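Trainee: Structure file query06.txt (compact mmCIF, C-alpha atoms) right here:
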# COMPACT_ATOMS: atom_id res chain seq x y z
CA MET A 1 -16.48 -30.04 4.18
CA SER A 2 -18.01 -27.41 6.42
CA LEU A 3 -15.86 -24.85 8.17
CA SER A 4 -15.31 -25.28 11.89
CA LYS A 5 -16.12 -22.52 14.36
CA ASN A 6 -12.41 -22.02 14.99
CA GLU A 7 -11.67 -21.61 11.27
CA ILE A 8 -14.46 -19.07 10.92
CA LYS A 9 -13.27 -17.22 14.02
CA LEU A 10 -9.65 -17.10 12.81
CA VAL A 11 -10.40 -15.83 9.31
CA LYS A 12 -12.89 -13.24 10.59
CA SER A 13 -10.36 -12.02 13.17
CA LEU A 14 -7.90 -11.12 10.39
CA GLN A 15 -10.02 -8.09 9.57
CA ILE A 16 -8.44 -6.56 12.72
CA LYS A 17 -4.78 -5.48 12.80
CA LYS A 18 -4.16 -6.87 16.31
CA TYR A 19 -5.02 -10.39 15.17
CA ARG A 20 -3.23 -10.05 11.84
CA ASP A 21 -0.05 -9.19 13.71
CA LEU A 22 -0.61 -11.91 16.30
CA ASN A 23 -1.06 -14.65 13.70
CA ARG A 24 1.22 -13.11 11.04
CA LEU A 25 -1.59 -13.69 8.55
CA PHE A 26 -3.77 -11.48 6.35
CA VAL A 27 -6.66 -11.92 3.92
CA ILE A 28 -6.91 -11.39 0.17
CA GLU A 29 -10.36 -11.62 -1.39
CA GLY A 30 -11.80 -11.79 -4.87
CA GLU A 31 -11.12 -13.71 -8.05
CA LYS A 32 -8.74 -11.20 -9.70
CA LEU A 33 -6.59 -10.56 -6.61
CA VAL A 34 -6.27 -14.25 -5.72
CA LYS A 35 -5.38 -15.23 -9.30
CA GLU A 36 -2.63 -12.63 -9.34
CA LEU A 37 -1.48 -13.65 -5.85
CA LEU A 38 -0.71 -17.13 -7.15
CA LEU A 39 1.79 -15.64 -9.62
CA HIS A 40 3.93 -14.10 -6.86
CA THR A 41 5.95 -16.74 -5.06
CA HIS A 42 7.30 -14.37 -2.36
CA PHE A 43 3.79 -14.44 -0.83
CA LYS A 44 3.20 -17.76 0.93
CA VAL A 45 -0.45 -18.83 0.96
CA ASP A 46 -1.68 -20.49 4.16
CA GLY A 47 -5.03 -21.57 2.72
CA ILE A 48 -7.61 -20.83 0.03
CA PHE A 49 -11.37 -20.98 0.60
CA TYR A 50 -13.37 -21.08 -2.61
CA THR A 51 -16.83 -21.82 -3.96
CA LYS A 52 -17.48 -24.12 -6.90
CA GLU A 53 -17.92 -21.04 -9.12
CA PHE A 54 -14.16 -20.40 -8.78
CA THR A 55 -12.73 -22.57 -11.56
CA THR A 56 -9.07 -21.50 -11.60
CA PRO A 57 -6.75 -24.51 -11.05
CA LEU A 58 -5.08 -24.28 -7.65
CA PRO A 59 -1.54 -25.48 -6.82
CA LYS A 60 -1.40 -28.88 -5.14
CA HIS A 61 0.94 -27.71 -2.36
CA ILE A 62 -1.58 -25.16 -1.01
CA HIS A 63 -4.29 -26.12 1.47
CA THR A 64 -7.60 -25.52 -0.30
CA PHE A 65 -11.17 -25.79 0.94
CA GLU A 66 -14.30 -25.81 -1.20
CA ILE A 67 -17.06 -24.07 0.74
CA SER A 68 -20.59 -22.87 0.08
CA PRO A 69 -21.41 -19.26 -0.84
CA ALA A 70 -23.07 -18.94 2.58
CA GLU A 71 -19.85 -20.01 4.32
CA LEU A 72 -17.79 -17.62 2.21
CA GLU A 73 -20.13 -14.85 3.28
CA ARG A 74 -19.55 -15.74 6.93
CA ILE A 75 -15.77 -15.34 6.69
CA SER A 76 -15.64 -12.51 4.16
CA GLY A 77 -15.07 -8.85 4.96
CA LEU A 78 -16.71 -7.74 1.69
CA THR A 79 -20.30 -6.62 1.34
CA THR A 80 -20.57 -8.89 -1.70
CA PRO A 81 -18.07 -11.79 -1.47
CA ASN A 82 -16.51 -12.87 -4.74
CA LYS A 83 -15.95 -16.64 -5.10
CA VAL A 84 -12.65 -16.96 -3.24
CA LEU A 85 -10.68 -15.87 -0.18
CA ALA A 86 -7.02 -16.53 0.54
CA VAL A 87 -5.28 -16.47 3.92
CA VAL A 88 -1.68 -15.38 3.36
CA LYS A 89 1.41 -15.33 5.56
CA TYR A 90 3.16 -12.02 6.19
CA PRO A 91 5.98 -11.78 3.65
CA LYS A 92 9.59 -11.90 4.77
CA GLU A 93 10.77 -8.44 5.73
CA THR A 94 13.47 -7.00 3.50
CA PRO A 95 15.67 -3.97 4.25
CA ILE A 96 14.98 -0.63 2.61
CA ASP A 97 17.27 0.02 -0.35
CA PHE A 98 18.42 3.53 0.51
CA ALA A 99 20.76 3.54 -2.49
CA GLU A 100 18.05 2.95 -5.10
CA ASP A 101 18.43 5.20 -8.16
CA ASN A 102 14.74 6.11 -8.31
CA LEU A 103 12.06 8.07 -6.49
CA ILE A 104 11.17 6.75 -3.05
CA LEU A 105 7.80 7.75 -1.62
CA LEU A 106 7.41 8.64 2.08
CA LEU A 107 3.98 8.81 3.72
CA ASP A 108 3.46 10.77 6.93
CA THR A 109 0.45 9.38 8.84
CA ILE A 110 -1.85 8.36 5.99
CA ASN A 111 -4.87 7.09 7.92
CA ASP A 112 -7.39 6.16 5.24
CA PRO A 113 -6.86 2.61 3.89
CA GLY A 114 -8.53 3.46 0.58
CA ASN A 115 -6.08 6.33 0.09
CA LEU A 116 -3.09 4.14 0.94
CA GLY A 117 -4.22 1.42 -1.46
CA THR A 118 -4.73 3.97 -4.24
CA ILE A 119 -1.32 5.54 -3.56
CA ILE A 120 0.33 2.11 -3.85
CA ARG A 121 -1.53 1.44 -7.09
CA THR A 122 -0.51 4.86 -8.45
CA ALA A 123 3.11 4.38 -7.37
CA ASP A 124 3.18 1.06 -9.21
CA TRP A 125 1.86 2.78 -12.37
CA PHE A 126 4.72 5.29 -12.27
CA GLY A 127 7.41 2.73 -11.53
CA VAL A 128 7.97 3.53 -7.86
CA ARG A 129 9.25 0.40 -6.12
CA GLN A 130 9.59 1.52 -2.49
CA ILE A 131 7.13 3.28 -0.18
CA ILE A 132 8.06 4.14 3.40
CA GLY A 133 5.15 4.85 5.72
CA SER A 134 5.39 6.39 9.17
CA ASN A 135 4.61 4.19 12.15
CA LEU A 136 1.20 5.88 12.35
CA THR A 137 0.32 5.16 8.71
CA VAL A 138 -2.37 2.51 8.20
CA ASP A 139 -0.85 -0.95 7.79
CA LEU A 140 -0.38 -2.59 4.41
CA PHE A 141 -2.42 -5.68 5.26
CA ASN A 142 -5.65 -3.84 6.05
CA PRO A 143 -8.17 -5.54 3.70
CA LYS A 144 -9.31 -2.17 2.33
CA VAL A 145 -5.71 -1.30 1.43
CA ILE A 146 -5.35 -4.63 -0.40
CA GLN A 147 -8.59 -4.09 -2.33
CA ALA A 148 -7.82 -0.49 -3.30
CA SER A 149 -4.31 -1.37 -4.48
CA MET A 150 -5.74 -3.71 -7.14
CA GLY A 151 -2.76 -6.04 -6.85
CA ALA A 152 -0.04 -3.38 -6.66
CA VAL A 153 0.82 -4.59 -3.14
CA TYR A 154 2.44 -7.59 -4.82
CA ARG A 155 4.89 -5.40 -6.73
CA VAL A 156 5.69 -2.40 -4.49
CA ASN A 157 7.80 -2.82 -1.35
CA PHE A 158 6.11 -1.11 1.61
CA TYR A 159 7.80 -0.37 4.94
CA ARG A 160 6.62 1.23 8.17
CA THR A 161 9.31 2.97 10.19
CA ASP A 162 10.43 6.23 11.77
CA LEU A 163 10.45 8.77 8.91
CA HIS A 164 12.98 11.00 10.68
CA LEU A 165 15.55 8.20 10.64
CA ALA A 166 14.61 7.23 7.09
CA ILE A 167 15.14 10.79 5.84
CA GLU A 168 18.58 10.93 7.47
CA LYS A 169 19.57 7.71 5.70
CA LEU A 170 18.20 9.05 2.39
CA LYS A 171 20.22 12.25 2.78
CA GLU A 172 23.34 10.18 3.41
CA ASN A 173 22.63 8.53 0.05
CA ASN A 174 22.29 11.86 -1.78
CA PHE A 175 18.50 11.95 -2.08
CA ASP A 176 16.75 15.27 -2.62
CA ILE A 177 14.01 15.41 0.05
CA LEU A 178 10.88 17.07 -1.36
CA GLY A 179 7.58 17.50 0.45
CA ALA A 180 4.12 18.46 -0.79
CA THR A 181 2.83 21.50 1.13
CA LEU A 182 0.42 24.37 0.53
CA GLY A 183 3.19 26.95 0.82
CA GLY A 184 5.85 25.46 -1.40
CA THR A 185 7.33 26.32 -4.78
CA SER A 186 5.02 25.69 -7.73
CA LEU A 187 5.30 22.16 -9.08
CA TYR A 188 5.59 23.67 -12.57
CA GLN A 189 8.74 25.51 -11.52
CA THR A 190 10.31 22.47 -9.88
CA ASN A 191 12.84 20.13 -11.42
CA PHE A 192 13.20 16.69 -9.89
CA GLN A 193 16.49 14.88 -9.66
CA LYS A 194 16.36 11.14 -10.23
CA LYS A 195 17.18 10.30 -6.60
CA THR A 196 14.19 12.03 -5.02
CA ALA A 197 12.40 11.21 -1.78
CA LEU A 198 8.87 12.61 -1.99
CA VAL A 199 7.06 13.15 1.33
CA MET A 200 3.26 13.24 1.33
CA GLY A 201 1.36 14.29 4.46
CA SER A 202 -1.79 13.13 6.19
CA GLU A 203 -5.23 13.83 4.79
CA SER A 204 -6.10 16.20 7.65
CA HIS A 205 -2.86 17.84 8.76
CA GLY A 206 -0.34 17.50 5.96
CA ILE A 207 3.33 16.90 6.73
CA SER A 208 4.25 17.31 10.40
CA PRO A 209 6.26 20.47 11.24
CA GLU A 210 9.18 18.35 12.48
CA LEU A 211 9.46 16.64 9.09
CA ILE A 212 9.01 19.88 7.14
CA ARG A 213 12.19 21.14 8.76
CA LYS A 214 14.06 18.17 7.24
CA LEU A 215 12.94 18.87 3.66
CA SER A 216 15.28 20.12 0.95
CA LYS A 217 12.36 21.85 -0.74
CA GLU A 218 8.58 22.28 -0.36
CA VAL A 219 6.50 21.77 -3.50
CA MET A 220 2.94 22.92 -4.16
CA ILE A 221 0.41 21.89 -6.82
CA PRO A 222 -0.94 25.29 -7.98
CA GLN A 223 -4.67 25.80 -7.45
CA VAL A 224 -6.68 27.28 -10.33
CA GLY A 225 -10.27 26.46 -9.33
CA GLU A 226 -12.09 26.77 -6.02
CA THR A 227 -11.98 23.24 -4.59
CA GLU A 228 -10.73 23.37 -1.00
CA SER A 229 -8.15 20.60 -1.28
CA LEU A 230 -6.91 17.62 -3.27
CA ASN A 231 -7.23 14.03 -2.14
CA VAL A 232 -3.76 12.85 -1.05
CA ALA A 233 -3.79 9.93 -3.50
CA MET A 234 -4.71 12.24 -6.39
CA ALA A 235 -2.03 14.73 -5.35
CA THR A 236 0.53 11.93 -5.24
CA GLY A 237 -0.38 10.92 -8.78
CA ILE A 238 0.08 14.48 -10.07
CA LEU A 239 3.50 14.80 -8.43
CA LEU A 240 4.69 11.39 -9.66
CA SER A 241 3.56 12.22 -13.17
CA HIS A 242 5.59 15.43 -13.11
CA TYR A 243 8.60 13.55 -11.75
CA ARG A 244 8.43 11.03 -14.62
CA ARG A 245 7.88 13.76 -17.21
CA GLY A 246 11.05 15.49 -16.09
CA LEU A 247 13.10 12.32 -16.59
CA VAL A 248 11.83 11.43 -20.08
Translate the structure of the given file into C-alpha cells.
Mentor:
Amino acid sequence: MSLSKNEIKLVKSLQIKKYRDLNRLFVIEGEKLVKELLLHTHFKVDGIFYTKEFTTPLPKHIHTFEISPAELERISGLTTPNKVLAVVKYPKETPIDFAEDNLILLLDTINDPGNLGTIIRTADWFGVRQIIGSNLTVDLFNPKVIQASMGAVYRVNFYRTDLHLAIEKLKENNFDILGATLGGTSLYQTNFQKKTALVMGSESHGISPELIRKLSKEVMIPQVGETESLNVAMATGILLSHYRRGLV
C-alpha cells in the first residue's frame, strides 16, 4: 500500500520540534534503534514503516506499513535510510527523583543535538539515570539526538526545566552541586560524594554566571597539551569516569 500525501507530510514534519510538540510524536529510524525500541514498553509506538528487507517480527498490536525503499527515502530524515522508521508517542512525563542516591547530570543550554545524544549515551554507560536540561537545551526528541544516543534515550530519564529551581530542590535533598569550569579546582584533587549534581555548560559559553553562583564547587579538567578546549560530551565522560572511580 502506497503512502498518502498526508502520511508523508506528517512523518516529514516530525523532523521539526514545533510539529513534534503539536502532534506529541517523534521519529526513530534504523534497524538497531527500532529493534531496541520494541523491547521498551514505556514507549508507545504509533506506527512502523518498513521495507521488505526488514525481517524482524513486529507485534500484532502495532500499526505497520510495508513500503518501498523509495517511499522510505521520502519520509526519512537520514541521508541513507535504513530499512525501517517508527513514529512514537511522547512518553508519559514522570517527576524528577530529587532524592536519588546517585549522580544527577544538569545541562545548561547544550545546543548541539549530536553532543546531547552522546552525553546521554555516556551517562548511560556510567550508570547515570537522570539528566536535567535547561529550557534552552536541545530537546530529547530531535532525530539527531536519538541517533547519537544509540538507544540510551530508552534507559535514561531526561527532563527540561528551570535549572535554578532544580538546583534548589537538589540542595534541599543534600546534593553537592559541582560545575565544570575553566577556573575550578583540579579534577584530580576533587572527591565526589555519592549524591552529586554535576552541571555542564554550553559548548560556546560554559555555565551561565547566575548558575555558577549556585555551585558548591567549580571543577576543572587540567590541560596538559595545547588544544583550545574539550568537546562538552568528552568532558562529561571524563568527569563521570572520575566520579565512578571515586566510588569504587
Trainee: Please report as a tab-separated table every residue of stretch 10-104 of chain A lying within 10 Å of stretch 108-131 of chain A, along with the nearest atom pair and their distance in Å (one decimal), using only C-alpha atoms.
Mentor:
residue	atom	partner	partner_atom	distance
A:Ile96	CA	A:Gln130	CA	7.7
A:Asp97	CA	A:Gln130	CA	8.1
A:Phe98	CA	A:Gln130	CA	9.5
A:Glu100	CA	A:Gln130	CA	9.0
A:Asn102	CA	A:Val128	CA	7.3
A:Leu103	CA	A:Val128	CA	6.3
A:Ile104	CA	A:Gln130	CA	5.5
Trainee: What does the file look like for those residues with C-alpha atoms, as a short mmCIF file (atom, residue, chain, number, x, y, z; two decimals), in the frame of the given file?
Mentor:
data_model
loop_
_atom_site.label_atom_id
_atom_site.label_comp_id
_atom_site.auth_asym_id
_atom_site.auth_seq_id
_atom_site.Cartn_x
_atom_site.Cartn_y
_atom_site.Cartn_z
CA ILE A 96 14.98 -0.63 2.61
CA ASP A 97 17.27 0.02 -0.35
CA PHE A 98 18.42 3.53 0.51
CA GLU A 100 18.05 2.95 -5.10
CA ASN A 102 14.74 6.11 -8.31
CA LEU A 103 12.06 8.07 -6.49
CA ILE A 104 11.17 6.75 -3.05
#
Trainee: May I have the protein, DNA and RNA residues with any atom at most 12 Å from the point (20.1, 5.5, 4.4), counting all atoms listed in the file, written as an MDAnalysis selection string?
Mentor: chainID A and resid 95:100 104 163:175 197
Trainee: Rounded to one decimal, what separation in Å do you get between atom CA of A:Lys17 and atom CA of A:Ile132?
Mentor: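 Going from atom CA of A:Lys17 over to atom CA of A:Ile132 covers 18.6 Å.
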Trainee: Please indicate the distance in Å from atom CA of A:Lys214 to atom CA of A:Arg155, rounded to one decimal place.
Mentor: 28.9 Å
Trainee: Counting all atoms listed in the file, find the residues whose atoms lie at most 12 Å from (-15.0, -13.3, -11.2) (file coordinates) and write them out as a list in words.
Mentor: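 Here is the list of nearby residues: Glu29, Gly30, Glu31, Lys32, Leu33, Val34, Lys35, Tyr50, Thr51, Lys52, Glu53, Phe54, Thr55, Thr56, Thr80, Pro81, Asn82, Lys83 and Val84 of chain A.
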Trainee: Separation of atom CA of A:Gln147 and atom CA of A:Ile16, in Å?
Mentor: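 Straight-line distance from atom CA of A:Gln147 to atom CA of A:Ile16 works out to 15.3 Å.
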Trainee: Using only C-alpha atoms, can you tell me which of A:Ile177, A:Leu105, A:Val138, A:Ile75 comes closest to A:Val27?
Mentor: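 Closest residue, counting only C-alpha atoms: A:Ile75.
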Trainee: For a quick check of understanding, using only C-alpha atoms, which of A:Pro91, A:Gly206, A:Gly179, A:Gly77 has the smallest distance to A:Ser229?
Mentor: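 Among A:Pro91, A:Gly206, A:Gly179, A:Gly77, it is A:Gly206 that comes nearest to A:Ser229.
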Trainee: Taking 5 positions as the minimum chain separation for residues in the same chain, which residues sit within 9 Å of A:Tyr188 when counting all atoms listed in the file? Answer as a ChimeraX atom specification.
Mentor: /A:220-222,242
Trainee: Write out as JSON an axis-aligned box for stretch 120-135 of chain A: all of its atoms listed in the file, 3 Å added on each side, centre and edge lengths in Å with one decimal.
Mentor:
{"center_x": 4.0, "center_y": 3.4, "center_z": -0.1, "size_x": 17.1, "size_y": 12.0, "size_z": 30.5}
Trainee: Under the rule that all atoms listed in the file are counted, which of A:Glu218, A:Tyr154, A:Thr137, A:Ser149 is the nearest residue to A:Glu203?
Mentor: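 Among the listed residues, the smallest separation from A:Glu203 belongs to A:Thr137.
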Trainee: Given the choices A:Thr181, A:Ile238, A:Tyr243, A:Asp162, which gets closest to A:Thr196 if the distance is worked out from all atoms listed in the file?
Mentor: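 Among A:Thr181, A:Ile238, A:Tyr243, A:Asp162, it is A:Tyr243 that comes nearest to A:Thr196.
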Trainee: Excluding same-chain residues fewer than 2 positions from stretch 5-14 of chain A, what lies within 10 Å of it counting only C-alpha atoms, as a ChimeraX atom specification?
Mentor: /A:2-3,16-27,71-72,74-77,85-87,141-143
Trainee: Complete stretch 128-157 of chain A with N, CA and C atoms (output as a compact mmCIF listing (two decimals), in the coordinates of the input).
Mentor:
# COMPACT_ATOMS: atom_id res chain seq x y z
N VAL A 128 7.40 3.40 -9.19
CA VAL A 128 7.97 3.53 -7.86
C VAL A 128 7.99 2.15 -7.21
N ARG A 129 9.13 1.75 -6.66
CA ARG A 129 9.25 0.40 -6.12
C ARG A 129 9.31 0.35 -4.60
N GLN A 130 9.49 1.52 -3.94
CA GLN A 130 9.59 1.52 -2.49
C GLN A 130 8.73 2.65 -1.92
N ILE A 131 7.92 2.30 -0.93
CA ILE A 131 7.13 3.28 -0.18
C ILE A 131 7.44 3.09 1.29
N ILE A 132 7.77 4.18 1.96
CA ILE A 132 8.06 4.14 3.40
C ILE A 132 6.96 4.90 4.13
N GLY A 133 6.21 4.22 4.95
CA GLY A 133 5.15 4.85 5.72
C GLY A 133 5.60 5.09 7.16
N SER A 134 5.11 6.16 7.76
CA SER A 134 5.39 6.39 9.17
C SER A 134 4.75 5.29 10.01
N ASN A 135 5.17 5.21 11.27
CA ASN A 135 4.61 4.19 12.15
C ASN A 135 3.12 4.39 12.42
N LEU A 136 2.61 5.59 12.14
CA LEU A 136 1.20 5.88 12.35
C LEU A 136 0.38 5.75 11.06
N THR A 137 1.04 5.40 9.96
CA THR A 137 0.32 5.16 8.71
C THR A 137 -0.40 3.82 8.79
N VAL A 138 -1.58 3.75 8.19
CA VAL A 138 -2.37 2.51 8.20
C VAL A 138 -1.52 1.36 7.65
N ASP A 139 -1.74 0.14 8.18
CA ASP A 139 -0.85 -0.95 7.79
C ASP A 139 -1.23 -1.54 6.43
N LEU A 140 -0.23 -2.09 5.77
CA LEU A 140 -0.38 -2.59 4.41
C LEU A 140 -1.43 -3.68 4.30
N PHE A 141 -1.58 -4.48 5.35
CA PHE A 141 -2.42 -5.68 5.26
C PHE A 141 -3.87 -5.44 5.65
N ASN A 142 -4.24 -4.18 5.88
CA ASN A 142 -5.65 -3.84 6.05
C ASN A 142 -6.39 -4.28 4.79
N PRO A 143 -7.48 -5.04 4.90
CA PRO A 143 -8.17 -5.54 3.70
C PRO A 143 -8.58 -4.45 2.72
N LYS A 144 -8.91 -3.26 3.23
CA LYS A 144 -9.31 -2.17 2.33
C LYS A 144 -8.11 -1.63 1.55
N VAL A 145 -6.92 -1.68 2.15
CA VAL A 145 -5.71 -1.30 1.43
C VAL A 145 -5.46 -2.29 0.29
N ILE A 146 -5.57 -3.58 0.60
CA ILE A 146 -5.35 -4.63 -0.40
C ILE A 146 -6.31 -4.44 -1.58
N GLN A 147 -7.59 -4.24 -1.27
CA GLN A 147 -8.59 -4.09 -2.33
C GLN A 147 -8.32 -2.87 -3.19
N ALA A 148 -8.02 -1.73 -2.56
CA ALA A 148 -7.82 -0.49 -3.30
C ALA A 148 -6.55 -0.51 -4.13
N SER A 149 -5.57 -1.32 -3.73
CA SER A 149 -4.31 -1.37 -4.48
C SER A 149 -4.45 -2.14 -5.79
N MET A 150 -5.49 -2.94 -5.92
CA MET A 150 -5.74 -3.71 -7.14
C MET A 150 -4.54 -4.57 -7.56
N GLY A 151 -3.88 -5.15 -6.57
CA GLY A 151 -2.76 -6.04 -6.85
C GLY A 151 -1.40 -5.39 -6.81
N ALA A 152 -1.34 -4.06 -6.69
CA ALA A 152 -0.04 -3.38 -6.66
C ALA A 152 0.76 -3.74 -5.41
N VAL A 153 0.10 -4.19 -4.35
CA VAL A 153 0.82 -4.59 -3.14
C VAL A 153 1.78 -5.75 -3.41
N TYR A 154 1.55 -6.49 -4.49
CA TYR A 154 2.44 -7.59 -4.82
C TYR A 154 3.76 -7.10 -5.42
N ARG A 155 3.75 -5.88 -5.95
CA ARG A 155 4.89 -5.40 -6.73
C ARG A 155 5.66 -4.25 -6.08
N VAL A 156 5.05 -3.56 -5.13
CA VAL A 156 5.69 -2.40 -4.49
C VAL A 156 6.10 -2.80 -3.07
N ASN A 157 7.33 -2.52 -2.70
CA ASN A 157 7.80 -2.82 -1.35
C ASN A 157 7.36 -1.71 -0.40
